[in-house]
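J.: Here you go, upload.csv (CSV, C-alpha atoms):
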```
chain,number,residue,atom,x,y,z
T,1,MET,CA,-23.2,-28.0,-25.0
T,2,ILE,CA,-20.6,-25.9,-23.1
T,3,LYS,CA,-22.2,-23.5,-20.7
T,4,GLU,CA,-20.5,-20.0,-20.8
T,5,LYS,CA,-19.3,-18.8,-17.4
T,6,THR,CA,-16.8,-16.0,-16.5
T,7,LEU,CA,-14.2,-15.7,-13.8
T,8,LEU,CA,-14.2,-12.0,-12.8
T,9,ILE,CA,-10.9,-11.1,-11.1
T,10,MET,CA,-10.6,-8.0,-9.0
T,11,ALA,CA,-7.1,-6.8,-9.5
T,12,ALA,CA,-7.3,-3.0,-9.1
T,13,GLY,CA,-6.2,-2.9,-5.4
T,14,MET,CA,-3.3,-0.6,-4.7
T,15,GLY,CA,-1.4,-3.2,-2.6
T,16,SER,CA,-0.5,-0.5,0.0
T,17,ARG,CA,-0.1,-3.0,2.9
T,18,PHE,CA,2.0,-5.3,0.8
T,19,GLY,CA,4.2,-2.5,-0.4
T,20,GLY,CA,3.7,-2.6,-4.1
T,21,LEU,CA,1.6,-4.2,-6.9
T,22,LYS,CA,1.2,-7.5,-5.1
T,23,GLN,CA,-0.7,-9.1,-7.9
T,24,ILE,CA,2.5,-9.5,-9.9
T,25,GLU,CA,4.7,-10.9,-7.1
T,26,PRO,CA,6.1,-14.4,-8.3
T,27,MET,CA,5.0,-17.1,-5.8
T,28,GLY,CA,5.1,-20.4,-7.7
T,29,PRO,CA,8.2,-22.5,-8.4
T,30,SER,CA,8.4,-21.4,-12.0
T,31,GLY,CA,7.6,-17.7,-11.3
T,32,GLU,CA,3.8,-18.1,-11.3
T,33,PHE,CA,1.6,-15.6,-9.4
T,34,ILE,CA,-1.2,-16.5,-7.1
T,35,ILE,CA,-3.6,-15.4,-9.8
T,36,ASP,CA,-2.2,-18.1,-12.2
T,37,TYR,CA,-3.4,-20.8,-9.9
T,38,SER,CA,-6.9,-19.4,-9.6
T,39,ILE,CA,-7.2,-19.2,-13.4
T,40,TYR,CA,-5.7,-22.7,-13.9
T,41,ASP,CA,-8.3,-24.1,-11.4
T,42,ALA,CA,-11.1,-22.2,-13.1
T,43,LEU,CA,-10.1,-23.7,-16.5
T,44,ARG,CA,-10.1,-27.2,-15.0
T,45,ALA,CA,-13.5,-26.5,-13.6
T,46,GLY,CA,-15.0,-25.4,-16.9
T,47,PHE,CA,-14.9,-21.6,-16.9
T,48,THR,CA,-14.8,-20.2,-20.4
T,49,LYS,CA,-13.7,-16.6,-19.9
T,50,VAL,CA,-11.6,-14.4,-17.6
T,51,VAL,CA,-12.2,-10.7,-17.1
T,52,PHE,CA,-9.6,-8.7,-15.1
T,53,ILE,CA,-10.6,-5.5,-13.3
T,54,ILE,CA,-7.5,-3.3,-13.2
T,55,LYS,CA,-6.4,0.3,-13.2
T,56,LYS,CA,-6.0,1.7,-16.6
T,57,GLU,CA,-2.4,2.8,-15.8
T,58,ASN,CA,-1.5,-0.7,-14.9
T,59,TYR,CA,-2.7,-2.3,-18.2
T,60,GLU,CA,0.7,-2.7,-19.9
T,61,VAL,CA,2.5,-4.2,-17.0
T,62,PHE,CA,-0.5,-6.4,-16.1
T,63,ARG,CA,-0.9,-7.7,-19.6
T,64,ASP,CA,2.8,-8.3,-20.1
T,65,THR,CA,3.2,-10.2,-16.9
T,66,ILE,CA,-0.1,-12.0,-16.5
T,67,GLY,CA,-2.4,-11.6,-19.5
T,68,LYS,CA,-0.2,-12.7,-22.3
T,69,ARG,CA,0.6,-16.1,-20.7
T,70,ILE,CA,-3.0,-17.0,-20.0
T,71,GLU,CA,-4.6,-15.5,-23.2
T,72,PRO,CA,-3.6,-18.6,-25.3
T,73,HIS,CA,-5.6,-20.8,-22.9
T,74,ILE,CA,-8.8,-18.9,-22.2
T,75,LYS,CA,-10.7,-15.9,-23.6
T,76,THR,CA,-9.4,-12.8,-21.7
T,77,GLU,CA,-10.7,-9.3,-21.4
T,78,TYR,CA,-9.8,-6.2,-19.3
T,79,ALA,CA,-12.1,-3.8,-17.6
T,80,TYR,CA,-10.9,-0.6,-16.1
T,81,GLN,CA,-11.9,0.5,-12.6
T,82,ASP,CA,-12.5,4.2,-13.5
T,83,ASN,CA,-15.4,6.7,-13.1
T,84,THR,CA,-17.5,5.4,-16.0
T,85,PHE,CA,-20.4,4.4,-13.8
T,86,ILE,CA,-20.3,7.5,-11.5
T,87,PRO,CA,-23.3,9.8,-12.2
T,88,GLU,CA,-22.1,13.2,-13.3
T,89,GLU,CA,-23.4,15.0,-10.2
T,90,TYR,CA,-21.0,13.0,-8.0
T,91,SER,CA,-17.9,12.9,-10.2
T,92,ALA,CA,-16.4,16.1,-8.8
T,93,LEU,CA,-16.8,14.7,-5.3
T,94,ILE,CA,-14.5,11.7,-5.9
T,95,GLU,CA,-12.0,13.2,-8.5
T,96,ASN,CA,-9.3,13.5,-5.8
T,97,ARG,CA,-9.9,10.1,-4.2
T,98,GLU,CA,-6.8,7.9,-4.1
T,99,LYS,CA,-8.2,4.5,-3.3
T,100,PRO,CA,-10.7,2.6,-5.5
T,101,LEU,CA,-14.3,3.1,-4.5
T,102,GLY,CA,-14.8,-0.5,-3.2
T,103,THR,CA,-15.5,-4.0,-4.3
T,104,GLY,CA,-19.2,-3.3,-5.2
T,105,TYR,CA,-18.1,-0.6,-7.7
T,106,ALA,CA,-15.3,-2.8,-9.0
T,107,ILE,CA,-17.8,-5.4,-10.1
T,108,LEU,CA,-20.0,-2.8,-11.7
T,109,CYS,CA,-17.1,-1.7,-13.9
T,110,ALA,CA,-17.1,-5.2,-15.6
T,111,LYS,CA,-20.8,-4.9,-16.7
T,112,PRO,CA,-20.0,-4.2,-20.4
T,113,TYR,CA,-17.9,-7.5,-20.6
T,114,ILE,CA,-20.2,-10.0,-18.9
T,115,LYS,CA,-23.5,-11.4,-20.3
T,116,GLU,CA,-23.3,-14.8,-18.6
T,117,PRO,CA,-23.2,-16.2,-15.1
T,118,PHE,CA,-20.0,-15.3,-13.3
T,119,ALA,CA,-17.8,-15.8,-10.3
T,120,VAL,CA,-15.9,-13.0,-8.5
T,121,ILE,CA,-12.5,-13.5,-6.8
T,122,ASN,CA,-9.7,-11.4,-5.6
T,123,ALA,CA,-6.5,-11.4,-7.6
T,124,ASP,CA,-4.2,-12.0,-4.6
T,125,ASP,CA,-6.0,-14.8,-2.8
T,126,PHE,CA,-5.5,-18.5,-3.4
T,127,TYR,CA,-8.9,-20.2,-3.1
T,128,GLY,CA,-8.2,-23.9,-3.8
T,129,ARG,CA,-9.4,-26.3,-6.5
T,130,ASP,CA,-12.4,-27.5,-4.4
T,131,ALA,CA,-13.8,-23.9,-4.2
T,132,LEU,CA,-13.6,-23.2,-7.9
T,133,GLU,CA,-15.1,-26.6,-8.8
T,134,LYS,CA,-18.1,-25.9,-6.5
T,135,ALA,CA,-18.4,-22.4,-7.9
T,136,SER,CA,-18.5,-23.8,-11.5
T,137,GLU,CA,-21.2,-26.4,-10.7
T,138,VAL,CA,-23.4,-23.8,-9.0
T,139,LEU,CA,-23.2,-21.3,-11.8
T,140,ASP,CA,-24.8,-23.8,-14.1
T,141,THR,CA,-27.9,-23.9,-11.9
T,142,LEU,CA,-28.6,-20.3,-10.9
T,143,LYS,CA,-32.2,-19.2,-11.6
T,144,GLU,CA,-32.4,-16.0,-13.8
T,145,ASN,CA,-35.8,-14.7,-12.7
T,146,LYS,CA,-36.8,-12.8,-9.5
T,147,PRO,CA,-36.0,-13.5,-6.8
T,148,TYR,CA,-32.7,-14.2,-8.4
T,149,GLU,CA,-30.5,-17.0,-7.2
T,150,TYR,CA,-26.9,-16.1,-6.3
T,151,ALA,CA,-24.4,-18.0,-4.2
T,152,MET,CA,-21.1,-17.7,-2.3
T,153,ILE,CA,-18.4,-20.1,-1.2
T,154,GLY,CA,-18.0,-19.9,2.6
T,155,TYR,CA,-14.7,-20.6,4.4
T,156,ALA,CA,-14.1,-21.4,8.1
T,157,VAL,CA,-12.5,-18.3,9.4
T,158,LYS,CA,-9.7,-20.3,11.0
T,159,ASN,CA,-8.7,-21.3,7.4
T,160,THR,CA,-8.4,-17.7,6.2
T,161,MET,CA,-6.1,-16.1,8.8
T,162,THR,CA,-2.5,-14.7,8.6
T,163,GLU,CA,-0.2,-14.4,11.6
T,164,ASN,CA,1.0,-11.0,10.3
T,165,GLY,CA,-2.0,-8.7,11.0
T,166,ALA,CA,-5.6,-8.2,10.3
T,167,VAL,CA,-7.5,-9.3,7.2
T,168,LYS,CA,-10.8,-8.2,5.6
T,169,ARG,CA,-13.5,-10.9,5.6
T,170,GLY,CA,-17.3,-10.9,5.4
T,171,VAL,CA,-18.6,-12.6,8.5
T,172,CYS,CA,-21.7,-14.6,7.5
T,173,GLU,CA,-24.9,-15.6,9.3
T,174,VAL,CA,-26.2,-18.7,7.6
T,175,GLU,CA,-29.6,-20.3,8.0
T,176,ASN,CA,-30.8,-23.4,6.1
T,177,GLU,CA,-27.8,-23.1,3.8
T,178,LYS,CA,-28.9,-19.5,2.8
T,179,LEU,CA,-27.1,-16.3,3.6
T,180,LYS,CA,-29.1,-14.4,6.2
T,181,ASN,CA,-26.6,-11.6,7.0
T,182,ILE,CA,-23.1,-10.6,6.1
T,183,THR,CA,-20.9,-8.0,7.9
T,184,GLU,CA,-17.7,-6.7,6.3
T,185,CYS,CA,-15.1,-6.9,9.0
T,186,SER,CA,-11.4,-6.6,9.9
T,187,ILE,CA,-10.4,-9.8,11.6
T,188,GLU,CA,-7.3,-10.7,13.5
T,189,LYS,CA,-6.0,-13.1,16.1
T,190,VAL,CA,-5.7,-11.5,19.6
T,191,GLY,CA,-4.1,-14.1,21.9
T,192,LYS,CA,-6.1,-17.3,21.5
T,193,GLU,CA,-9.3,-15.5,20.3
T,194,ILE,CA,-10.4,-14.3,16.8
T,195,ILE,CA,-11.7,-10.8,17.0
T,196,ALA,CA,-13.8,-9.2,14.2
T,197,THR,CA,-14.4,-5.4,13.9
T,198,SER,CA,-17.2,-4.2,11.7
T,199,LEU,CA,-15.8,-1.8,9.0
T,200,ASN,CA,-19.1,0.2,9.0
T,201,GLU,CA,-20.0,0.3,12.7
T,202,LYS,CA,-16.5,-0.1,14.1
T,203,SER,CA,-17.9,-2.5,16.8
T,204,ALA,CA,-15.7,-5.5,17.8
T,205,PHE,CA,-16.9,-9.0,18.6
T,206,ARG,CA,-15.4,-12.5,19.1
T,207,VAL,CA,-16.0,-15.2,16.4
T,208,GLU,CA,-15.5,-19.0,16.7
T,209,GLU,CA,-13.0,-20.8,14.6
T,210,ASP,CA,-15.6,-22.4,12.4
T,211,THR,CA,-17.6,-19.2,11.7
T,212,VAL,CA,-18.3,-18.9,8.0
T,213,VAL,CA,-16.7,-16.0,6.3
T,214,SER,CA,-16.7,-14.8,2.7
T,215,MET,CA,-13.5,-14.5,0.7
T,216,ASN,CA,-15.3,-12.5,-2.0
T,217,LEU,CA,-15.8,-15.8,-4.0
T,218,SER,CA,-19.4,-15.0,-4.9
T,219,LEU,CA,-21.5,-16.2,-7.8
T,220,PHE,CA,-24.0,-14.1,-9.8
T,221,THR,CA,-26.1,-13.8,-12.9
T,222,PRO,CA,-25.9,-10.5,-14.9
T,223,SER,CA,-29.1,-9.5,-13.0
T,224,PHE,CA,-26.7,-8.3,-10.3
T,225,PHE,CA,-25.4,-5.4,-12.4
T,226,PRO,CA,-28.6,-3.2,-12.5
T,227,TYR,CA,-29.0,-3.8,-8.8
T,228,LEU,CA,-25.5,-2.6,-8.1
T,229,GLU,CA,-26.2,0.5,-10.1
T,230,GLU,CA,-29.3,1.2,-8.0
T,231,LYS,CA,-27.4,0.6,-4.7
T,232,LEU,CA,-24.4,2.7,-5.9
T,233,ALA,CA,-26.7,5.7,-6.5
T,234,GLU,CA,-28.1,5.3,-2.9
T,235,PHE,CA,-24.5,5.0,-1.5
T,236,LEU,CA,-23.3,8.1,-3.3
T,237,GLU,CA,-26.2,10.2,-2.1
T,238,LYS,CA,-25.9,9.0,1.4
T,239,ASN,CA,-22.2,9.7,1.6
T,240,LYS,CA,-22.0,12.8,-0.6
T,241,GLU,CA,-20.6,15.0,2.2
T,242,ASP,CA,-17.5,12.8,2.4
T,243,LEU,CA,-16.7,10.5,-0.5
T,244,SER,CA,-12.9,10.6,0.0
T,245,THR,CA,-12.5,7.3,2.0
T,246,CYS,CA,-15.9,5.5,2.3
T,247,GLU,CA,-16.3,2.3,0.3
T,248,PHE,CA,-19.1,0.7,-1.6
T,249,PHE,CA,-18.7,-2.9,-0.5
T,250,MET,CA,-20.0,-6.0,-2.5
T,251,PRO,CA,-21.2,-7.7,0.8
T,252,ASP,CA,-23.4,-4.7,1.6
T,253,ALA,CA,-25.0,-4.9,-1.8
T,254,ILE,CA,-25.5,-8.7,-1.4
T,255,PHE,CA,-27.1,-8.2,2.0
T,256,ALA,CA,-29.4,-5.5,0.6
T,257,SER,CA,-30.5,-7.8,-2.2
T,258,ILE,CA,-31.5,-10.4,0.4
T,259,LYS,CA,-33.3,-8.0,2.7
T,260,GLU,CA,-35.3,-6.5,-0.2
T,261,GLY,CA,-36.3,-9.8,-1.7
T,262,TYR,CA,-34.4,-9.2,-4.9
T,263,ALA,CA,-32.3,-12.4,-4.5
T,264,ASN,CA,-31.6,-15.4,-2.4
T,265,VAL,CA,-27.9,-16.4,-1.7
T,266,LYS,CA,-27.0,-20.0,-1.2
T,267,VAL,CA,-23.9,-20.7,0.9
T,268,LEU,CA,-21.6,-23.6,-0.1
T,269,LYS,CA,-19.0,-24.4,2.5
T,270,THR,CA,-15.5,-25.5,1.5
T,271,ASN,CA,-12.8,-27.0,3.7
T,272,ALA,CA,-10.2,-25.4,1.5
T,273,THR,CA,-7.5,-23.3,3.1
T,274,TRP,CA,-6.9,-19.8,1.9
T,275,TYR,CA,-3.4,-18.6,1.2
T,276,GLY,CA,-2.8,-15.0,0.4
T,277,VAL,CA,-0.3,-12.2,0.6
T,278,THR,CA,-2.0,-9.4,2.6
T,279,TYR,CA,1.4,-8.5,4.0
T,280,LYS,CA,4.9,-8.9,2.7
T,281,GLU,CA,5.7,-11.3,5.5
T,282,ASP,CA,3.1,-13.7,4.2
T,283,ALA,CA,5.0,-14.3,1.0
T,284,PRO,CA,7.4,-17.0,2.2
T,285,LEU,CA,4.6,-19.1,3.6
T,286,VAL,CA,2.6,-18.9,0.4
T,287,LYS,CA,5.6,-19.9,-1.7
T,288,ASN,CA,6.2,-22.9,0.5
T,289,LYS,CA,2.6,-24.0,0.3
T,290,LEU,CA,2.5,-23.8,-3.4
T,291,LYS,CA,5.8,-25.7,-3.7
T,292,GLN,CA,4.2,-28.5,-1.5
T,293,LEU,CA,1.1,-28.6,-3.8
T,294,VAL,CA,3.4,-29.0,-6.8
T,295,GLU,CA,5.3,-31.8,-5.1
T,296,ILE,CA,2.2,-33.8,-4.4
T,297,GLY,CA,1.0,-33.4,-8.0
T,298,GLU,CA,-1.9,-31.0,-7.5
T,299,TYR,CA,-0.2,-28.6,-10.0
T,300,LYS,CA,2.4,-28.8,-12.6
T,301,LYS,CA,5.8,-27.3,-11.8
T,302,ASP,CA,5.6,-25.1,-14.9
T,303,LEU,CA,1.9,-24.3,-14.8
T,304,TRP,CA,1.3,-23.1,-18.4
T,305,ASN,CA,3.7,-25.3,-20.3
```
Can you give me the file's structure in the form of structure tokens?
T.:
Amino acid sequence: MIKEKTLLIMAAGMGSRFGGLKQIEPMGPSGEFIIDYSIYDALRAGFTKVVFIIKKENYEVFRDTIGKRIEPHIKTEYAYQDNTFIPEEYSALIENREKPLGTGYAILCAKPYIKEPFAVINADDFYGRDALEKASEVLDTLKENKPYEYAMIGYAVKNTMTENGAVKRGVCEVENEKLKNITECSIEKVGKEIIATSLNEKSAFRVEEDTVVSMNLSLFTPSFFPYLEEKLAEFLEKNKEDLSTCEFFMPDAIFASIKEGYANVKVLKTNATWYGVTYKEDAPLVKNKLKQLVEIGEYKKDLWN
């Protein structure tokens, strides 16, 4: 019997640092996007559905350039990152907000489309086949009663860096293969050191090359949705005096679920190397790496044909 599992892809980011809608920048030798490789790896690993989280105004261009070519291969649905899940008393406070409300809220927007275990990824990050295979295996084992069992794929920070500026990563504290703490940070190389700056507290600290970080490849059961709604309400109330720029981060909700005994989060380490286009200058390197993977037979030259 095939176990249903969904790949939830966060693709509503504005791409401001990249200078455009970076999710639809061709990277592969036959015009593939980074997102194509994640979906292809997910298919090989046994995922049965893809849900894209996008802005409603991007639906036509997104479906024409990405959706239509993967729809023949896997069940595909589209969730809009809008204000559907914002309680009425807060809606006026965010109506002029330009940026999305954050990764925690993005996941919540997919609630109507997901009734099965699911993995979350970013649209513009290349995760590697090993990471998606491990994710698929773990999704089949997650316990669906409290304390709930969730998981995440952890990367060595040295395998997730770009030479072109800072990147956002969740710095993880792991104990007995369980996530103990996670801090959403901006991370960059400063000379020979890797410096992380907490996005919430603005404090900076040095991290070692093998420090485990989250690339948002996290694994949940649908029990995470009601918890996100609860934490969102707390977030909105706490920040109601200024909701113009603050963000409701997925890692913060994960850490809260651990601290409150709602869930345990297992950390599975991967040696895979991240490739992504955070900045326009990253694109040539990513294109070259994908070309090499095609040449060694990891992927077909024309991925979907």
J.: Check the smallest atom-to-atom distance from each of T:Glu230, T:Ser136, T:Lys111, T:Lys266 to Glu177 (chain T) using only C-alpha atoms, then report the winner.
T.: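 Once distances to Glu177 (chain T) are computed over only C-alpha atoms, the minimum belongs to T:Lys266.
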J.: In the coordinates of the file, take the point (-17.6, -23.8, -0.2) and a cut-off of 6 Å; then, counting all atoms listed in the file, name each qualifying protein, DNA or RNA residue as a list in words.
T.: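 Output: Ala131, Ile153, Gly154, Leu268, Lys269 and Thr270 of chain T.
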J.: Separation of CA of Gly67 (chain T) and CA of Phe52 (chain T), in Å?
T.: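 Answer for the CA of Gly67 (chain T) to CA of Phe52 (chain T) separation: 8.9 Å.
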J.: Taking into account all atoms listed in the file, which residue in the set T:Ser203, T:Ala45, T:Phe255, T:Ile2 is nearest to Gly170 (chain T)?
T.: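 Of all the options, T:Phe255 lies closest to Gly170 (chain T).
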J.: Taking into account only C-alpha atoms, which residue in the set T:Tyr155, T:Leu199, T:Pro29, T:Thr183 is nearest to Lys291 (chain T)?
T.: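 Closest to Lys291 (chain T) of all the choices is T:Pro29.
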